[in-house]
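One structure below.
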Amino acid sequence: MPDLYIGLMSGTSLDGVDGVLVDFTPRMPLVVEHASAPFPAALRTELLQLNTSGPDELHRAALAGNALVRVYAQVVGQLLAGARVAPASVRAIGAHGQTVRHRPQQFDGTGYTLQLCQPALLAELTGIDVAADFRSRDVAAGGQGAPLAPFFHQGIFGRPGEAVGVLNVGGISNLTLLRADGSMLGFDCGPGNALIDAWCARHTGRPYDADGAWAATGSVLPRLLELLLDEPYFGLPPPKSTGRDLFNPAWLDEHLGAIGPAAPADVQATLAELTARACGADVMRHQPDLRKLVVCGGGVLNSDFMRRLRDCLPDVQVSSSADWGLPPLQVEASAFAWLARKTVRREKLGLQSVTGARGARVLGCLYPA
């Protein structure tokens with residue numbers, strides 16, 4: 001009998017929702033169906049604005065959460081229809097929510113992480129149990145609350161006796177290092193697509209630089225790249241995590257002010273190079289003998305970025321997760337289906353080596369349908 005779960009992911013790229021229906025009956029999880037839906041322009045704008053303080057935030061955040069969940073429900077409907085599966089056949093939905101603030105261990109020593117989501121509404125709209133709020137318990141236990149996918153990466157991409165890296169490039173980039181001895185390390189490298197997309201939108205009106213074509217026309221600005229790479233976050237040891245709280249257009253503008261006027265295409269090329277350099281440097285710093293790096297997330301679809309990443313890691317085989325059996329836009333959503341299953345089964349995750357939490361904890365809260 002199938003063991004079906006749905007995973008929903010809307011990341012910091014703010015381009016929309018990816019959803020998967022996963023069967024956990026086989027030894028290797030099987031993606032039965034994949035669906036996606038873009039964010040309406042007004043919702044995307046509101047989610048982006050909620051990353052910083054503004055008027056009437058609580059009211060706006062609550063309504064944005066409702067609107068987000070309606071897109072989630074739309075994707076769930078597509079998954080069920082595509083697979084011809086009834087809601088009652090799905091054990092639970094894993095809904096990540098939309099991160100609008102991520103400040104672990106700050107202010108009072110515990111800090112917080114905030115993902116907009118209305119899991120009760122999602123359960124109401126779909127008739128399926130919903131697991132959500134995966135990050136808060138890890139933060140309460142002294143962890144970073146991110147990244148949460150490394151154990152899933154280990155199950156999918158791990159190879160006994162072999163070191164494998166998994167790099168997810170969404171709005172923020174995060175790296176999982178699966179070591180030959182079975183241990184692992186995972187953390188956020190820094191910006192992924194967030195700055196690249198924001199700069200492209202500002203100067204071209206397009207939401208993203210398709211295939212990195214615009215960046216490929218520019219030249220890297222050495223002084224700007226040097227200033228950006230001087231950001232203290234890059235030198236922090238793991239565990240560490242970050243988000244738009246740090247890597248946002250205001251951060252970029254501050255550094256641009258130090259170099260004076262620059263051609264927009266050159267800035268775009270520099271941002272692509274920044275992302276590749278930061279990721280490559282983390283691989284070499286923490287696993288210099290790595291020979292295989294699996295890349296997933298939207299960054300895989302940017303051939304200019306992938307070329308830059310390969311240039312940074314000439315001795316590493318850099319490949320798409322599709323070459324390992326799981327398409328790049330399905331990996332993170334599948335991880336949240338996997339996390340939902342852990343929540344339902346009350347299985348603890350020992351993420352100490354990844355997030356720095358004090359011990360293994362059950363992550364997520366369950367909202368019955």
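Chain labels follow the order of the structure tokens: the first chain is A, the next B, and so on; residue numbering restarts at 1 in every chain, and ligands are counted from 1 in their shown order.
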If we count only C-alpha atoms, what is near Ala132 of chain A at a cut-off of 9 Å, once residues fewer than 5 positions away on the same chain are taken out, given as an MDAnalysis selection string? chainID A and resid 93:97 117:119 340 343 363:367
Requested write-out: C-alpha atoms of the selected residues, as a PDB file, in the first residue's frame:
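That gives us result.pdb:
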```pdb
ATOM      1  CA  ILE A  93       1.257  17.614   3.583  1.00  0.00           C
ATOM      2  CA  GLY A  94       4.600  19.117   4.546  1.00  0.00           C
ATOM      3  CA  ALA A  95       4.251  22.894   4.105  1.00  0.00           C
ATOM      4  CA  HIS A  96       7.423  24.897   4.604  1.00  0.00           C
ATOM      5  CA  GLY A  97       5.781  28.329   4.489  1.00  0.00           C
ATOM      6  CA  CYS A 117       1.828  29.933   6.585  1.00  0.00           C
ATOM      7  CA  GLN A 118      -1.711  29.163   7.625  1.00  0.00           C
ATOM      8  CA  PRO A 119      -1.565  25.382   8.046  1.00  0.00           C
ATOM      9  CA  ALA A 340       6.265  15.742   7.229  1.00  0.00           C
ATOM     10  CA  THR A 343       6.641  14.705  12.113  1.00  0.00           C
ATOM     11  CA  LEU A 363      10.369  19.033  14.194  1.00  0.00           C
ATOM     12  CA  GLY A 364       7.068  20.443  13.014  1.00  0.00           C
ATOM     13  CA  CYS A 365       3.512  20.732  14.285  1.00  0.00           C
ATOM     14  CA  LEU A 366       0.597  18.681  12.949  1.00  0.00           C
ATOM     15  CA  TYR A 367      -2.749  20.224  11.982  1.00  0.00           C
TER      16      TYR A 367
END
```
Would you return as a ChimeraX atom specification the members of segment 98-267 of chain A that DSSP assigns to strand (DSSP E) on this structure's backbone? /A:98-104,111-116,130-132,164-169,172-178,184-191
The selected residues should be written to file as a PDB file, in the first residue's frame (atoms: C-alpha atoms).
```pdb
ATOM      1  CA  GLN A  98       7.433  31.517   3.265  1.00  0.00           C
ATOM      2  CA  THR A  99      10.373  32.801   5.280  1.00  0.00           C
ATOM      3  CA  VAL A 100      10.097  36.541   5.884  1.00  0.00           C
ATOM      4  CA  ARG A 101      12.469  36.873   8.877  1.00  0.00           C
ATOM      5  CA  HIS A 102      15.268  34.590  10.012  1.00  0.00           C
ATOM      6  CA  ARG A 103      17.234  35.777  13.047  1.00  0.00           C
ATOM      7  CA  PRO A 104      18.257  32.713  15.101  1.00  0.00           C
ATOM      8  CA  GLY A 111      16.166  34.655  18.384  1.00  0.00           C
ATOM      9  CA  TYR A 112      13.450  33.509  16.024  1.00  0.00           C
ATOM     10  CA  THR A 113      12.567  32.354  12.544  1.00  0.00           C
ATOM     11  CA  LEU A 114       9.287  33.282  10.901  1.00  0.00           C
ATOM     12  CA  GLN A 115       7.668  31.440   8.004  1.00  0.00           C
ATOM     13  CA  LEU A 116       4.303  32.784   6.866  1.00  0.00           C
ATOM     14  CA  VAL A 130      -0.721  19.389   7.455  1.00  0.00           C
ATOM     15  CA  ALA A 131       2.716  19.397   9.074  1.00  0.00           C
ATOM     16  CA  ALA A 132       4.284  22.849   9.294  1.00  0.00           C
ATOM     17  CA  VAL A 164      29.484  13.831  -1.866  1.00  0.00           C
ATOM     18  CA  GLY A 165      28.426  17.470  -1.682  1.00  0.00           C
ATOM     19  CA  VAL A 166      24.903  18.735  -2.298  1.00  0.00           C
ATOM     20  CA  LEU A 167      24.495  22.420  -3.147  1.00  0.00           C
ATOM     21  CA  ASN A 168      20.992  23.887  -3.238  1.00  0.00           C
ATOM     22  CA  VAL A 169      20.861  27.230  -5.021  1.00  0.00           C
ATOM     23  CA  ILE A 172      19.919  31.562  -0.645  1.00  0.00           C
ATOM     24  CA  SER A 173      22.520  28.864  -1.306  1.00  0.00           C
ATOM     25  CA  ASN A 174      23.093  26.051   1.168  1.00  0.00           C
ATOM     26  CA  LEU A 175      25.615  23.258   1.187  1.00  0.00           C
ATOM     27  CA  THR A 176      25.436  19.721   2.564  1.00  0.00           C
ATOM     28  CA  LEU A 177      28.685  17.782   2.860  1.00  0.00           C
ATOM     29  CA  LEU A 178      28.153  14.023   3.136  1.00  0.00           C
ATOM     30  CA  MET A 184      27.730  15.335   7.614  1.00  0.00           C
ATOM     31  CA  LEU A 185      27.940  19.102   7.713  1.00  0.00           C
ATOM     32  CA  GLY A 186      25.392  21.556   6.386  1.00  0.00           C
ATOM     33  CA  PHE A 187      25.003  25.336   6.379  1.00  0.00           C
ATOM     34  CA  ASP A 188      23.971  28.360   4.311  1.00  0.00           C
ATOM     35  CA  CYS A 189      26.758  29.624   2.061  1.00  0.00           C
ATOM     36  CA  GLY A 190      25.190  33.017   1.345  1.00  0.00           C
ATOM     37  CA  PRO A 191      23.209  34.494  -1.552  1.00  0.00           C
TER      38      PRO A 191
END
```
For Asp23 of chain A, please output as a ChimeraX atom specification all residues within 7 Å (counting only C-alpha atoms; exclusion window: fewer than 4 positions along the same chain). /A:2-5,29-32
Name the residues of segment 16-219 of chain A that come out as alpha helix (DSSP H) in a backbone DSSP run; write them as a PyMOL selection string. chain A and resi 41-49+57-83+119-126+136-140+150-157+194-204
Kindly export the residues of the current selection with C-alpha atoms, as a PDB file, in the first residue's frame.
```
ATOM      1  CA  ALA A  41       2.412  39.531  -8.811  1.00  0.00           C
ATOM      2  CA  ALA A  42       0.695  41.278  -5.886  1.00  0.00           C
ATOM      3  CA  LEU A  43       1.459  38.391  -3.513  1.00  0.00           C
ATOM      4  CA  ARG A  44       5.093  38.235  -4.586  1.00  0.00           C
ATOM      5  CA  THR A  45       5.454  41.978  -3.996  1.00  0.00           C
ATOM      6  CA  GLU A  46       3.829  41.743  -0.565  1.00  0.00           C
ATOM      7  CA  LEU A  47       5.991  38.795   0.521  1.00  0.00           C
ATOM      8  CA  LEU A  48       9.095  40.654  -0.578  1.00  0.00           C
ATOM      9  CA  GLN A  49       8.057  43.808   1.297  1.00  0.00           C
ATOM     10  CA  GLU A  57       2.808  44.239   9.431  1.00  0.00           C
ATOM     11  CA  LEU A  58       0.759  41.825  11.516  1.00  0.00           C
ATOM     12  CA  HIS A  59      -2.407  42.407   9.485  1.00  0.00           C
ATOM     13  CA  ARG A  60      -0.592  42.245   6.163  1.00  0.00           C
ATOM     14  CA  ALA A  61       1.368  39.133   7.145  1.00  0.00           C
ATOM     15  CA  ALA A  62      -1.788  37.296   8.197  1.00  0.00           C
ATOM     16  CA  LEU A  63      -3.515  38.039   4.893  1.00  0.00           C
ATOM     17  CA  ALA A  64      -0.395  37.178   2.920  1.00  0.00           C
ATOM     18  CA  GLY A  65      -0.296  33.847   4.736  1.00  0.00           C
ATOM     19  CA  ASN A  66      -3.877  33.168   3.675  1.00  0.00           C
ATOM     20  CA  ALA A  67      -3.085  34.056   0.046  1.00  0.00           C
ATOM     21  CA  LEU A  68       0.037  31.898   0.105  1.00  0.00           C
ATOM     22  CA  VAL A  69      -1.895  28.891   1.375  1.00  0.00           C
ATOM     23  CA  ARG A  70      -4.451  29.292  -1.404  1.00  0.00           C
ATOM     24  CA  VAL A  71      -1.605  28.874  -3.910  1.00  0.00           C
ATOM     25  CA  TYR A  72      -0.437  25.860  -1.891  1.00  0.00           C
ATOM     26  CA  ALA A  73      -3.947  24.387  -2.094  1.00  0.00           C
ATOM     27  CA  GLN A  74      -3.974  24.974  -5.845  1.00  0.00           C
ATOM     28  CA  VAL A  75      -0.743  22.979  -6.200  1.00  0.00           C
ATOM     29  CA  VAL A  76      -2.117  20.192  -3.979  1.00  0.00           C
ATOM     30  CA  GLY A  77      -5.156  19.992  -6.235  1.00  0.00           C
ATOM     31  CA  GLN A  78      -2.914  19.700  -9.298  1.00  0.00           C
ATOM     32  CA  LEU A  79      -0.908  16.907  -7.663  1.00  0.00           C
ATOM     33  CA  LEU A  80      -3.982  14.910  -6.690  1.00  0.00           C
ATOM     34  CA  ALA A  81      -5.607  15.331 -10.098  1.00  0.00           C
ATOM     35  CA  GLY A  82      -2.417  14.462 -11.982  1.00  0.00           C
ATOM     36  CA  ALA A  83      -1.853  11.297  -9.952  1.00  0.00           C
ATOM     37  CA  PRO A 119      -1.565  25.382   8.046  1.00  0.00           C
ATOM     38  CA  ALA A 120      -5.049  25.191   9.595  1.00  0.00           C
ATOM     39  CA  LEU A 121      -6.476  26.860   6.478  1.00  0.00           C
ATOM     40  CA  LEU A 122      -4.502  24.513   4.251  1.00  0.00           C
ATOM     41  CA  ALA A 123      -5.936  21.502   6.111  1.00  0.00           C
ATOM     42  CA  GLU A 124      -9.392  23.010   5.698  1.00  0.00           C
ATOM     43  CA  LEU A 125      -8.963  23.615   1.975  1.00  0.00           C
ATOM     44  CA  THR A 126      -7.442  20.236   1.136  1.00  0.00           C
ATOM     45  CA  SER A 136      11.009  26.754  15.311  1.00  0.00           C
ATOM     46  CA  ARG A 137      11.780  23.744  17.521  1.00  0.00           C
ATOM     47  CA  ASP A 138      15.346  23.610  16.269  1.00  0.00           C
ATOM     48  CA  VAL A 139      15.776  27.329  17.052  1.00  0.00           C
ATOM     49  CA  ALA A 140      14.242  26.779  20.511  1.00  0.00           C
ATOM     50  CA  PRO A 150      20.812  17.416   4.888  1.00  0.00           C
ATOM     51  CA  PHE A 151      19.404  14.159   6.294  1.00  0.00           C
ATOM     52  CA  PHE A 152      17.180  13.871   3.225  1.00  0.00           C
ATOM     53  CA  HIS A 153      20.180  14.645   1.022  1.00  0.00           C
ATOM     54  CA  GLN A 154      22.085  11.865   2.772  1.00  0.00           C
ATOM     55  CA  GLY A 155      19.351   9.342   2.013  1.00  0.00           C
ATOM     56  CA  ILE A 156      19.083  10.333  -1.646  1.00  0.00           C
ATOM     57  CA  PHE A 157      22.617  11.282  -2.655  1.00  0.00           C
ATOM     58  CA  ALA A 194      18.112  36.502  -4.471  1.00  0.00           C
ATOM     59  CA  LEU A 195      20.512  39.309  -5.416  1.00  0.00           C
ATOM     60  CA  ILE A 196      20.806  38.197  -9.036  1.00  0.00           C
ATOM     61  CA  ASP A 197      17.027  38.255  -9.443  1.00  0.00           C
ATOM     62  CA  ALA A 198      16.570  41.542  -7.604  1.00  0.00           C
ATOM     63  CA  TRP A 199      19.165  43.345  -9.723  1.00  0.00           C
ATOM     64  CA  CYS A 200      17.697  41.903 -12.920  1.00  0.00           C
ATOM     65  CA  ALA A 201      14.186  43.018 -11.933  1.00  0.00           C
ATOM     66  CA  ARG A 202      15.410  46.518 -11.100  1.00  0.00           C
ATOM     67  CA  HIS A 203      17.164  47.097 -14.427  1.00  0.00           C
ATOM     68  CA  THR A 204      15.271  44.971 -16.944  1.00  0.00           C
TER      69      THR A 204
END
```
Neighbours of Gly218 of chain A within 10 Å (only C-alpha atoms; same-chain residues fewer than 3 positions away dropped), as a list in words? Ala213, Trp214, Ala215, Leu221, Ala263, Pro264, Ala265, Asp266, Val267, Gln268, Ala269 and Thr270 of chain A
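If you look at atom CA of Pro207 of chain A and atom CA of Asn302 of chain A, they are 13.6 Å away from each other.
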Quote the spacing between atom CA of Leu326 of chain A and atom CA of Asp304 of chain A in Å to one decimal place. 21.8 Å
Using only C-alpha atoms, which residues of segment 275-324 of chain A come within 10 Å of segment 235-241 of chain A, and what is the closest atom pair for each, with the distance in Å to one decimal? Give it as JSON lines, sorted by chain and residue number.
```
{"residue": "A:Ala278", "atom": "CA", "partner": "A:Gly235", "partner_atom": "CA", "distance": 9.9}
{"residue": "A:Asp282", "atom": "CA", "partner": "A:Gly235", "partner_atom": "CA", "distance": 9.3}
{"residue": "A:His286", "atom": "CA", "partner": "A:Pro237", "partner_atom": "CA", "distance": 9.6}
```
Write to file, as a PDB file, in the first residue's frame, the residues of the selection just made, with N, CA and C atoms.
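So out.pdb came out as:
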```
ATOM      1  N   ALA A 278      31.465  32.216  -3.436  1.00  0.00           N
ATOM      2  CA  ALA A 278      31.130  31.908  -2.049  1.00  0.00           C
ATOM      3  C   ALA A 278      30.878  30.408  -1.878  1.00  0.00           C
ATOM      4  N   ASP A 282      33.413  27.635   0.120  1.00  0.00           N
ATOM      5  CA  ASP A 282      32.945  26.805   1.229  1.00  0.00           C
ATOM      6  C   ASP A 282      33.242  25.329   0.986  1.00  0.00           C
ATOM      7  N   HIS A 286      35.852  23.394   3.635  1.00  0.00           N
ATOM      8  CA  HIS A 286      35.349  22.366   4.538  1.00  0.00           C
ATOM      9  C   HIS A 286      35.475  20.940   4.004  1.00  0.00           C
TER      10      HIS A 286
END
```
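For Met9 of chain A, the non-local neighbours within 6 Å, defined as residues at least 4 positions apart in the same chain or in other chains and counting only C-alpha atoms, are Val17, Asp18, His96 and Ala333 of chain A.
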Create the file for the chosen residues now, containing N, CA and C atoms and written as a short mmCIF file (atom, residue, chain, number, x, y, z; two decimals), in the first residue's frame.
```cif
data_model
loop_
_atom_site.label_atom_id
_atom_site.label_comp_id
_atom_site.auth_asym_id
_atom_site.auth_seq_id
_atom_site.Cartn_x
_atom_site.Cartn_y
_atom_site.Cartn_z
N VAL A 17 5.50 28.24 -6.09
CA VAL A 17 5.43 27.06 -5.25
C VAL A 17 5.73 25.82 -6.08
N ASP A 18 6.62 24.98 -5.56
CA ASP A 18 6.84 23.66 -6.13
C ASP A 18 6.24 22.63 -5.19
N HIS A 96 6.32 24.13 4.03
CA HIS A 96 7.42 24.90 4.60
C HIS A 96 7.00 26.29 5.02
N ALA A 333 11.24 20.35 -2.27
CA ALA A 333 9.85 19.97 -1.96
C ALA A 333 9.80 18.53 -1.45
#
```
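Among the candidates A:Phe107, A:Tyr233, A:Trp324, A:Phe24, the residue lying nearest to Arg159 of chain A is A:Trp324 (atoms considered: only C-alpha atoms).
Here the question is which of A:Ala216, A:Ile128, A:Met306, A:Ala272 gets nearest to Pro368 of chain A using only C-alpha atoms, and that residue is A:Ile128.
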Pick out the closest residue to Val294 of chain A from this set: A:Leu309, A:Val22, A:Leu274, A:Met1. Count only C-alpha atoms. A:Leu309
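With only C-alpha atoms as the atoms that count, the minimum distance from Leu252 of chain A to the choices A:Lys342, A:Thr52, A:Arg84, A:Leu228 is reached by A:Leu228.
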